[in-house]
Amino acid sequence: MRALEVVRPGPLALVQDLGRPGYAHLGVPPSGALDVPALRLANRLVGNDEDAAGVECLFGGLSLRAKTSCTIAVTGPAVDVEVDGRAAGSHAPVWVAPGQVVTIGAPATGLRCYLAVSGGIAVDPELGSRSRDVLSEIGPAPLKAGDVLPLGTPSLPGGADVVLPTVAPASLVVPIEPGPRAHWFEDPAAGLAKTWTVTAESNRVGLRLDGPALTREAEYAEQELPSEGLLTGAVQVPPNGLPVVFLADHPTTGGYPVAAVVRRASLPALAQARPGTLLRFHSSTRVWNR
Amino acid sequence: MRWRAYGEHAALLDCDSLTQTIAAHAAVSSSRPAGIAELVPGARSLLVVETPGSDALAAVRDLLEQADLEHPPEGESREITLDVTYDGEDLELVARDAGVSIEDVVRLHTGAVYTVAFTGFAPGFGYLTGLPEPLRQPRLPSPRTRVPPGSVGIAGEFTGVYPRVSPGGWRLIGHTRAVLFDPRADPPALLSPGDRVRFRSAG
């Protein structure tokens with residue numbers, strides 16, 4: 001059987017593909033790789049379709065033994081990749097012989113690296129996806145030592161590709177659009193434009209921020225919000241005034257107001273924002289309180 | 001009722017009532033314009049997410065402008081009956097607060113026809129509306145850390161069934177053996193927004 005065996009998972013290694021959108025009405029989060037372009041690139045480098053399942057590896061430390069010859073590629077932030085202790089490099093296809101061990105180091109910047117393998121990881125899908133959803137616990141459990149990951153049938157790599165590693169900056173400017181409850185807050189665009197710090201409580205569900213709390217308009221100060229739909233990138237502000245930016249494993253409905261929504265193109269950068277990263281939201285929309 | 005902006009590819013319809021929400025969801029889901037990526041009802045709202053590049057949001061706006069949202073369509077929804085053993089830990093509390101007997105609680109809960117208004121909290125957890133007035137009661141002051149799967153609870157204007165083990169603050173009146181959610185089944189969830197639900201006492 002074509003397979004990879006987990007030697008060490010590192011802090012958190014999860015099987016991810018492009019997720020299971022379309023089930024929010026049943027309470028199922030979209031899930032999927034947080035840094036979608038990185039997973040797509042890794043798949044292209046090994047000759048897979050872009051939606052094949054790979055491993056999302058939080059802060060490196062993943063070590064896998066090939067049970068068969070295969071081609072792997074690691075993308076995301078620049079990171080050391082070794083095969084049997086010899087440097088192989090990220091952002092390039094690497095051929096691995098049966099029995100050899102691939103080890104991913106800790107990235108110098110950013111958080112999440114993506115390992116793709118020729119044929120893709122072929123665990124059984126749930127709701128059309130092999131992604132692990134940490135909120136609902138759908139999809140394959142976090143990888144642990146000794147796990148054997150079956151692989152699909154490989155095809156040939158498609159040739160040259162864009163192979164630049166990303167560098168996750170220490171501070172981010174995140175473009176936003178108004179959210180459905182922007183009018184609940186006093187000058188939300190100005191409040192969100194202040195400097196926020198990504199906290200260590202952040203995960204695949206959401207990025208939790210610390211900073212100068214947003215204030216509600218007096219008329220909404222004590223107001224309860226009936227549960228309403230959420231989406232990836234929604235900036236929800238609970239009663240403590242500190243925003244949460246929802247990522248792929250977000251709950252599908254929630255009872256706190258959403259002040260803003262991150263533009264879709266900036267979501268991959270949020271996937272790489274470490275605790276301590278400074279972040280400001282920027283809006284080019286003039287009318288926020290309607 | 002009004003539309004509210006929700007980022008680049010979505011809009012939220014703010015509804016005046018739960019009835020209007022259910023009607024709006026039924027109207028959109030019955031004719032489902034192309035390009036809708038997600039259609040997520042809430043307690044007083046309907047979130048519409050479009051596939052980038054489609055004009056689904058505009059199509060939904062047009063559709064709802066012509067729909068009669070005061071009279072939800074009847075008869076098109078599925079009806080599901082759940083067998084419940086009424087042995088919940090909070091049954092006595094619920095009866096006391098309702099000022100009725102335990103038998104009356106069962107009679108009230110099984111006598112109504114409910115509609116799945118929306119889901120959330122966990123996959124397959126439906127918020128069912130249609131709860132008789134005496135059973136509309138607050139949540140527990142502090143939630144339980146572990147509610148067993150299949151537990152039937154009430155909270156505010158809703159009743160529902162916990163699909164899996166989770167923390168929870170709803171008052172528990174019974175349990176069902178029905179499987180509410182299975183990610184490997186098709187469909188994965190027993191209850192979907194718009195479905196009608198009855199509870200039947202399994203003794």
# chains A, B, ... in the order shown; residues from 1 in each chain; ligands from 1

$ residues_around --residues "region 142-154 of chain A" --least-positions-apart "2" --cutoff "10 Å" --atoms "only C-alpha atoms" --output "PyMOL selection string"
chain A and resi 1-15+46-49+52-53+55+57+62-68+70-71+117-124+132-134+137+139-140+156-157

$ residues_around --residues "Val161 (chain B)" --least-positions-apart "4" --cutoff "12 Å" --atoms "only C-alpha atoms" --output "PyMOL selection string"
chain B and resi 82-84+88+116+119-128+147-155+165-166+168+170-181+189-191+197+199

$ write_last_selection --atoms "N, CA and C atoms" --output "compact mmCIF listing (two decimals), in the first residue's frame"
# COMPACT_ATOMS: atom_id res chain seq x y z
N LEU B 82 -39.83 12.16 16.00
CA LEU B 82 -38.78 11.66 16.88
C LEU B 82 -39.42 11.01 18.10
N ASP B 83 -39.03 9.77 18.37
CA ASP B 83 -39.51 9.08 19.57
C ASP B 83 -38.66 9.49 20.77
N VAL B 84 -39.33 9.96 21.80
CA VAL B 84 -38.62 10.50 22.96
C VAL B 84 -39.05 9.78 24.23
N GLY B 88 -35.97 13.36 31.36
CA GLY B 88 -34.88 14.33 31.53
C GLY B 88 -34.70 14.78 32.96
N VAL B 116 -37.92 23.48 12.05
CA VAL B 116 -36.49 23.72 12.23
C VAL B 116 -36.21 25.13 11.70
N THR B 119 -29.89 26.18 12.42
CA THR B 119 -28.99 25.27 13.12
C THR B 119 -27.81 26.05 13.67
N GLY B 120 -26.98 25.38 14.43
CA GLY B 120 -25.79 26.03 14.97
C GLY B 120 -25.39 25.29 16.22
N PHE B 121 -24.43 25.83 16.93
CA PHE B 121 -23.91 25.26 18.17
C PHE B 121 -23.11 24.00 17.88
N ALA B 122 -23.68 23.06 17.14
CA ALA B 122 -22.95 21.85 16.73
C ALA B 122 -23.61 21.35 15.44
N PRO B 123 -22.86 20.61 14.61
CA PRO B 123 -23.48 20.07 13.39
C PRO B 123 -24.72 19.26 13.73
N GLY B 124 -25.81 19.54 13.04
CA GLY B 124 -27.04 18.79 13.24
C GLY B 124 -27.89 19.27 14.39
N PHE B 125 -27.46 20.33 15.09
CA PHE B 125 -28.28 20.86 16.19
C PHE B 125 -29.28 21.86 15.62
N GLY B 126 -30.56 21.46 15.57
CA GLY B 126 -31.59 22.34 15.03
C GLY B 126 -32.29 23.10 16.14
N TYR B 127 -32.54 24.38 15.91
CA TYR B 127 -33.36 25.18 16.82
C TYR B 127 -34.79 25.07 16.32
N LEU B 128 -35.64 24.38 17.11
CA LEU B 128 -37.01 24.09 16.68
C LEU B 128 -37.97 25.10 17.30
N VAL B 147 -23.57 17.03 28.39
CA VAL B 147 -24.94 16.63 28.07
C VAL B 147 -24.83 15.44 27.11
N PRO B 148 -25.49 14.30 27.44
CA PRO B 148 -25.35 13.12 26.57
C PRO B 148 -26.03 13.33 25.20
N PRO B 149 -25.52 12.64 24.17
CA PRO B 149 -26.15 12.76 22.85
C PRO B 149 -27.59 12.27 22.90
N GLY B 150 -28.47 12.90 22.11
CA GLY B 150 -29.87 12.50 22.08
C GLY B 150 -30.72 13.21 23.12
N SER B 151 -30.08 14.01 23.99
CA SER B 151 -30.85 14.72 25.01
C SER B 151 -31.78 15.74 24.36
N VAL B 152 -33.04 15.75 24.83
CA VAL B 152 -34.02 16.70 24.30
C VAL B 152 -34.16 17.82 25.32
N GLY B 153 -33.98 19.05 24.87
CA GLY B 153 -34.00 20.18 25.79
C GLY B 153 -34.90 21.30 25.31
N ILE B 154 -35.14 22.25 26.22
CA ILE B 154 -35.89 23.46 25.86
C ILE B 154 -35.12 24.67 26.38
N ALA B 155 -35.24 25.79 25.67
CA ALA B 155 -34.62 27.05 26.08
C ALA B 155 -35.29 28.18 25.34
N VAL B 165 -22.23 14.47 22.49
CA VAL B 165 -21.85 14.92 23.82
C VAL B 165 -21.30 16.34 23.72
N SER B 166 -21.80 17.22 24.58
CA SER B 166 -21.29 18.58 24.58
C SER B 166 -21.71 19.24 25.88
N GLY B 168 -23.83 22.11 27.80
CA GLY B 168 -25.12 22.67 27.38
C GLY B 168 -25.93 23.19 28.54
N TRP B 170 -29.38 24.00 28.21
CA TRP B 170 -30.83 23.86 28.02
C TRP B 170 -31.41 22.95 29.10
N ARG B 171 -32.67 23.20 29.45
CA ARG B 171 -33.35 22.33 30.42
C ARG B 171 -33.71 21.02 29.73
N LEU B 172 -33.28 19.90 30.31
CA LEU B 172 -33.44 18.60 29.65
C LEU B 172 -34.74 17.93 30.10
N ILE B 173 -35.54 17.51 29.12
CA ILE B 173 -36.81 16.86 29.46
C ILE B 173 -36.86 15.39 29.02
N GLY B 174 -35.93 14.95 28.20
CA GLY B 174 -35.97 13.55 27.76
C GLY B 174 -34.80 13.22 26.86
N HIS B 175 -34.90 12.05 26.23
CA HIS B 175 -33.85 11.68 25.27
C HIS B 175 -34.44 10.83 24.14
N THR B 176 -33.76 10.87 23.00
CA THR B 176 -34.15 10.07 21.84
C THR B 176 -32.96 9.23 21.39
N ARG B 177 -33.27 8.09 20.77
CA ARG B 177 -32.20 7.25 20.22
C ARG B 177 -31.88 7.62 18.78
N ALA B 178 -32.64 8.54 18.21
CA ALA B 178 -32.41 8.92 16.81
C ALA B 178 -31.01 9.48 16.63
N VAL B 179 -30.38 9.19 15.49
CA VAL B 179 -29.07 9.75 15.17
C VAL B 179 -29.29 11.09 14.47
N LEU B 180 -28.90 12.16 15.13
CA LEU B 180 -29.16 13.50 14.60
C LEU B 180 -28.13 13.92 13.55
N PHE B 181 -26.90 13.39 13.68
CA PHE B 181 -25.86 13.81 12.74
C PHE B 181 -24.85 12.69 12.55
N ALA B 189 -27.40 15.23 8.20
CA ALA B 189 -28.17 15.73 9.33
C ALA B 189 -29.62 15.28 9.19
N LEU B 190 -30.21 14.81 10.30
CA LEU B 190 -31.60 14.39 10.28
C LEU B 190 -32.52 15.60 10.08
N LEU B 191 -32.13 16.74 10.70
CA LEU B 191 -32.97 17.92 10.66
C LEU B 191 -32.31 19.03 9.86
N VAL B 197 -41.20 18.98 12.58
CA VAL B 197 -40.82 17.92 13.51
C VAL B 197 -41.94 17.71 14.53
N PHE B 199 -42.69 15.30 18.14
CA PHE B 199 -42.14 14.39 19.14
C PHE B 199 -43.24 13.43 19.57

$ atom_distance --atom1 "CA of Pro180 (chain A)" --atom2 "CA of Leu13 (chain B)"
9.1 Å

$ select_by_dssp --residues "region 100-263 of chain A" --states "strand (DSSP E)" --output "VMD selection string"
chain A and resid 101 to 104 112 to 117 148 to 150 171 to 178 196 to 198 206 to 210 228 to 229 234 to 236 244 to 246 253 to 254 258 to 262

$ residues_around --residues "Pro167 (chain B)" --least-positions-apart "3" --cutoff "7 Å" --atoms "only C-alpha atoms" --output "number ranges by chain"
B: 143-147

$ write_last_selection --atoms "all heavy atoms" --output "mmCIF file, in the first residue's frame"
data_model
loop_
_atom_site.group_PDB
_atom_site.id
_atom_site.type_symbol
_atom_site.label_atom_id
_atom_site.label_comp_id
_atom_site.auth_asym_id
_atom_site.auth_seq_id
_atom_site.Cartn_x
_atom_site.Cartn_y
_atom_site.Cartn_z
ATOM 1 N N PRO B 143 -24.445 26.131 32.808
ATOM 2 C CA PRO B 143 -24.602 24.992 31.904
ATOM 3 C C PRO B 143 -23.955 23.723 32.444
ATOM 4 O O PRO B 143 -22.999 23.779 33.206
ATOM 5 C CB PRO B 143 -23.900 25.454 30.626
ATOM 6 C CG PRO B 143 -23.088 26.641 30.977
ATOM 7 C CD PRO B 143 -23.597 27.194 32.270
ATOM 8 N N ARG B 144 -24.500 22.587 32.048
ATOM 9 C CA ARG B 144 -23.852 21.303 32.362
ATOM 10 C C ARG B 144 -22.587 21.177 31.518
ATOM 11 O O ARG B 144 -22.548 21.637 30.384
ATOM 12 C CB ARG B 144 -24.784 20.141 32.018
ATOM 13 C CG ARG B 144 -25.985 20.031 32.915
ATOM 14 C CD ARG B 144 -26.759 18.739 32.628
ATOM 15 N NE ARG B 144 -27.788 18.550 33.640
ATOM 16 C CZ ARG B 144 -29.027 19.045 33.557
ATOM 17 N NH1 ARG B 144 -29.393 19.724 32.479
ATOM 18 N NH2 ARG B 144 -29.894 18.869 34.525
ATOM 19 N N THR B 145 -21.577 20.519 32.073
ATOM 20 C CA THR B 145 -20.347 20.348 31.308
ATOM 21 C C THR B 145 -20.496 19.203 30.311
ATOM 22 O O THR B 145 -19.813 19.166 29.294
ATOM 23 C CB THR B 145 -19.154 20.048 32.227
ATOM 24 O OG1 THR B 145 -19.514 18.951 33.065
ATOM 25 C CG2 THR B 145 -18.817 21.249 33.088
ATOM 26 N N ARG B 146 -21.426 18.273 30.594
ATOM 27 C CA ARG B 146 -21.569 17.129 29.694
ATOM 28 C C ARG B 146 -23.036 16.756 29.550
ATOM 29 O O ARG B 146 -23.647 16.236 30.478
ATOM 30 C CB ARG B 146 -20.788 15.934 30.247
ATOM 31 C CG ARG B 146 -20.732 14.761 29.297
ATOM 32 C CD ARG B 146 -20.059 13.561 29.935
ATOM 33 N NE ARG B 146 -19.952 12.462 28.985
ATOM 34 C CZ ARG B 146 -20.962 11.652 28.659
ATOM 35 N NH1 ARG B 146 -22.163 11.837 29.192
ATOM 36 N NH2 ARG B 146 -20.782 10.688 27.768
ATOM 37 N N VAL B 147 -23.572 17.027 28.389
ATOM 38 C CA VAL B 147 -24.938 16.625 28.067
ATOM 39 C C VAL B 147 -24.832 15.440 27.108
ATOM 40 O O VAL B 147 -24.147 15.524 26.088
ATOM 41 C CB VAL B 147 -25.709 17.783 27.394
ATOM 42 C CG1 VAL B 147 -27.081 17.327 26.945
ATOM 43 C CG2 VAL B 147 -25.825 18.968 28.337
#

$ closest_atom_pairs --of "chain A" --to "chain B" --cutoff "9 Å" --atoms "only C-alpha atoms" --output "CSV"
residue,atom,partner,partner_atom,distance
A:Pro21,CA,B:Ala37,CA,7.5
A:Gly22,CA,B:Glu38,CA,5.3
A:Tyr23,CA,B:Glu38,CA,7.3
A:Ala24,CA,B:Val40,CA,6.3
A:His25,CA,B:Val40,CA,4.8
A:Leu26,CA,B:Gly124,CA,5.5
A:Gly27,CA,B:Pro123,CA,4.2
A:Val28,CA,B:Pro123,CA,5.0
A:Pro29,CA,B:Pro123,CA,8.1
A:Pro125,CA,B:Arg184,CA,8.1
A:Glu126,CA,B:Pro183,CA,5.4
A:Leu127,CA,B:Pro183,CA,5.7
A:Leu135,CA,B:Ala122,CA,8.5
A:Ser136,CA,B:Ala122,CA,6.5
A:Ile138,CA,B:Pro183,CA,7.1
A:Gly139,CA,B:Pro183,CA,8.4
A:Ile176,CA,B:Gly7,CA,7.5
A:Glu177,CA,B:Gly7,CA,5.0
A:Pro178,CA,B:Gly7,CA,6.1
A:Gly179,CA,B:Tyr6,CA,4.7
A:Pro180,CA,B:Arg4,CA,5.1
A:Arg181,CA,B:Arg4,CA,8.0
A:Pro226,CA,B:Ala43,CA,5.6
A:Ser227,CA,B:Gly42,CA,5.6
A:Glu228,CA,B:Gly42,CA,4.2
A:Gly229,CA,B:Leu47,CA,5.6
A:Leu230,CA,B:Leu47,CA,7.9
A:Leu231,CA,B:Val49,CA,8.5
A:Gly233,CA,B:Gly7,CA,8.7
A:Ala234,CA,B:Gly7,CA,8.1
A:Pro251,CA,B:Phe121,CA,6.8
A:Thr252,CA,B:Gly120,CA,5.8
A:Thr253,CA,B:Gly120,CA,5.2
A:Gly254,CA,B:Gly120,CA,7.7
A:Val258,CA,B:Tyr6,CA,8.6
A:Ala260,CA,B:Gly7,CA,7.2
A:Val261,CA,B:Gly7,CA,5.1
A:Val262,CA,B:Gly7,CA,7.2
A:Arg263,CA,B:Glu8,CA,6.8
A:Arg264,CA,B:Glu8,CA,7.9

$ residues_around --residues "Ala248 (chain A)" --least-positions-apart "2" --cutoff "8 Å" --atoms "only C-alpha atoms" --output "PDB file with N, CA, C and O atoms, in the first residue's frame"
ATOM      1  N   PRO A  29     -19.098  23.705   9.828  1.00  0.00           N
ATOM      2  CA  PRO A  29     -18.149  24.742   9.380  1.00  0.00           C
ATOM      3  C   PRO A  29     -17.506  24.372   8.041  1.00  0.00           C
ATOM      4  O   PRO A  29     -17.430  23.189   7.697  1.00  0.00           O
ATOM      5  N   PRO A  30     -17.010  25.391   7.292  1.00  0.00           N
ATOM      6  CA  PRO A  30     -16.378  25.076   6.004  1.00  0.00           C
ATOM      7  C   PRO A  30     -15.066  24.318   6.153  1.00  0.00           C
ATOM      8  O   PRO A  30     -14.742  23.484   5.322  1.00  0.00           O
ATOM      9  N   SER A  31     -14.301  24.609   7.197  1.00  0.00           N
ATOM     10  CA  SER A  31     -13.013  23.970   7.445  1.00  0.00           C
ATOM     11  C   SER A  31     -12.096  24.085   6.217  1.00  0.00           C
ATOM     12  O   SER A  31     -12.290  24.933   5.368  1.00  0.00           O
ATOM     13  N   GLY A  32     -11.087  23.234   6.118  1.00  0.00           N
ATOM     14  CA  GLY A  32     -10.129  23.307   5.019  1.00  0.00           C
ATOM     15  C   GLY A  32      -8.876  24.080   5.412  1.00  0.00           C
ATOM     16  O   GLY A  32      -8.830  24.738   6.451  1.00  0.00           O
ATOM     17  N   ALA A  33      -7.831  23.958   4.555  1.00  0.00           N
ATOM     18  CA  ALA A  33      -6.555  24.626   4.806  1.00  0.00           C
ATOM     19  C   ALA A  33      -6.783  26.111   5.077  1.00  0.00           C
ATOM     20  O   ALA A  33      -7.548  26.763   4.369  1.00  0.00           O
ATOM     21  N   LEU A  34      -6.105  26.654   6.095  1.00  0.00           N
ATOM     22  CA  LEU A  34      -6.251  28.092   6.366  1.00  0.00           C
ATOM     23  C   LEU A  34      -5.496  28.909   5.330  1.00  0.00           C
ATOM     24  O   LEU A  34      -5.948  29.962   4.914  1.00  0.00           O
ATOM     25  N   ARG A 204      -7.673  27.528  14.742  1.00  0.00           N
ATOM     26  CA  ARG A 204      -8.334  27.442  13.441  1.00  0.00           C
ATOM     27  C   ARG A 204      -9.773  27.973  13.486  1.00  0.00           C
ATOM     28  O   ARG A 204     -10.372  28.231  12.452  1.00  0.00           O
ATOM     29  N   VAL A 205     -10.326  28.092  14.683  1.00  0.00           N
ATOM     30  CA  VAL A 205     -11.674  28.659  14.799  1.00  0.00           C
ATOM     31  C   VAL A 205     -11.623  30.159  14.589  1.00  0.00           C
ATOM     32  O   VAL A 205     -12.451  30.737  13.879  1.00  0.00           O
ATOM     33  N   GLY A 206     -10.657  30.803  15.225  1.00  0.00           N
ATOM     34  CA  GLY A 206     -10.584  32.253  15.076  1.00  0.00           C
ATOM     35  C   GLY A 206      -9.305  32.833  15.623  1.00  0.00           C
ATOM     36  O   GLY A 206      -8.602  32.208  16.425  1.00  0.00           O
ATOM     37  N   THR A 232     -16.415  32.924   7.165  1.00  0.00           N
ATOM     38  CA  THR A 232     -14.972  33.057   7.372  1.00  0.00           C
ATOM     39  C   THR A 232     -14.566  34.506   7.105  1.00  0.00           C
ATOM     40  O   THR A 232     -14.934  35.085   6.093  1.00  0.00           O
ATOM     41  N   PHE A 246     -13.047  35.260  12.574  1.00  0.00           N
ATOM     42  CA  PHE A 246     -13.329  33.849  12.384  1.00  0.00           C
ATOM     43  C   PHE A 246     -12.567  33.282  11.190  1.00  0.00           C
ATOM     44  O   PHE A 246     -12.509  33.884  10.120  1.00  0.00           O
ATOM     45  N   HIS A 250     -14.912  28.064  11.959  1.00  0.00           N
ATOM     46  CA  HIS A 250     -15.790  28.910  12.773  1.00  0.00           C
ATOM     47  C   HIS A 250     -17.160  28.268  12.966  1.00  0.00           C
ATOM     48  O   HIS A 250     -17.630  27.513  12.111  1.00  0.00           O
TER      49      HIS A 250
END

$ closest_residue --among "A:Gly276, A:Gly105, A:Gly191, A:Pro257" --to "Pro239 (chain A)" --atoms "only C-alpha atoms"
A:Pro257

$ atom_distance --atom1 "CA of Ser17 (chain B)" --atom2 "CA of Leu69 (chain B)"
10.1 Å

$ select_by_dssp --residues "region 2-190 of chain B" --states "helix (DSSP H, G or I)" --output "PyMOL selection string"
chain B and resi 18-31+56-66+91-98+102-111+133-135

$ residues_around --residues "Pro188 (chain A)" --least-positions-apart "5" --cutoff "10 Å" --atoms "only C-alpha atoms" --output "PyMOL selection string"
chain A and resi 178-179+181-183+193+214-217+259-260+288-289

$ write_last_selection --atoms "N, CA, C and O atoms" --output "compact mmCIF listing (two decimals), in the first residue's frame"
# COMPACT_ATOMS: atom_id res chain seq x y z
N PRO A 178 -17.55 46.67 5.77
CA PRO A 178 -18.49 46.73 6.89
C PRO A 178 -19.23 45.42 7.09
O PRO A 178 -19.57 44.72 6.13
N GLY A 179 -19.49 45.10 8.36
CA GLY A 179 -20.28 43.91 8.69
C GLY A 179 -21.72 44.30 8.98
O GLY A 179 -22.06 45.48 9.04
N ARG A 181 -23.53 44.30 11.61
CA ARG A 181 -23.85 45.01 12.86
C ARG A 181 -22.85 46.12 13.13
O ARG A 181 -22.62 46.48 14.30
N ALA A 182 -22.25 46.67 12.10
CA ALA A 182 -21.30 47.78 12.27
C ALA A 182 -21.96 48.92 13.05
O ALA A 182 -21.32 49.58 13.88
N HIS A 183 -23.27 49.12 12.81
CA HIS A 183 -23.97 50.25 13.44
C HIS A 183 -24.15 50.06 14.95
O HIS A 183 -24.59 50.97 15.62
N ALA A 193 -9.15 50.36 13.33
CA ALA A 193 -7.89 50.84 12.72
C ALA A 193 -6.77 50.97 13.76
O ALA A 193 -5.62 51.20 13.39
N LEU A 214 -13.52 47.88 21.61
CA LEU A 214 -14.53 48.66 20.90
C LEU A 214 -15.69 48.97 21.85
O LEU A 214 -16.02 48.17 22.72
N THR A 215 -16.31 50.12 21.65
CA THR A 215 -17.44 50.53 22.48
C THR A 215 -18.71 50.46 21.67
O THR A 215 -18.74 50.90 20.52
N ARG A 216 -19.76 49.95 22.31
CA ARG A 216 -21.04 49.90 21.62
C ARG A 216 -21.75 51.25 21.69
O ARG A 216 -21.61 51.98 22.67
N GLU A 217 -22.54 51.57 20.68
CA GLU A 217 -23.44 52.72 20.75
C GLU A 217 -24.39 52.50 21.92
O GLU A 217 -24.81 51.37 22.19
N ALA A 259 -18.96 43.19 13.35
CA ALA A 259 -18.75 44.60 13.01
C ALA A 259 -18.17 44.77 11.61
O ALA A 259 -18.41 45.78 10.97
N ALA A 260 -17.40 43.80 11.15
CA ALA A 260 -16.68 43.95 9.89
C ALA A 260 -16.39 42.58 9.32
O ALA A 260 -16.57 41.56 9.99
N TRP A 288 -20.10 53.67 7.28
CA TRP A 288 -20.12 52.47 8.13
C TRP A 288 -21.38 52.39 8.98
O TRP A 288 -21.83 51.31 9.31
N ASN A 289 -21.90 53.52 9.39
CA ASN A 289 -23.07 53.47 10.26
C ASN A 289 -24.31 53.86 9.48
O ASN A 289 -24.53 55.03 9.19

$ closest_residue --among "B:Ala98, B:Val113, B:Val60, B:Ile80" --to "Arg136 (chain B)" --atoms "only C-alpha atoms"
B:Ala98

$ atom_distance --atom1 "CA of Pro98 (chain A)" --atom2 "CA of Leu111 (chain A)"
28.9 Å

$ closest_residue --among "B:Leu18, B:Ala59, B:Ala23, B:Val100" --to "Phe158 (chain B)" --atoms "only C-alpha atoms"
B:Leu18

$ residues_around --residues "Pro268 (chain A)" --least-positions-apart "3" --cutoff "7 Å" --atoms "only C-alpha atoms" --output "PyMOL selection string"
chain A and resi 34-36+271-272
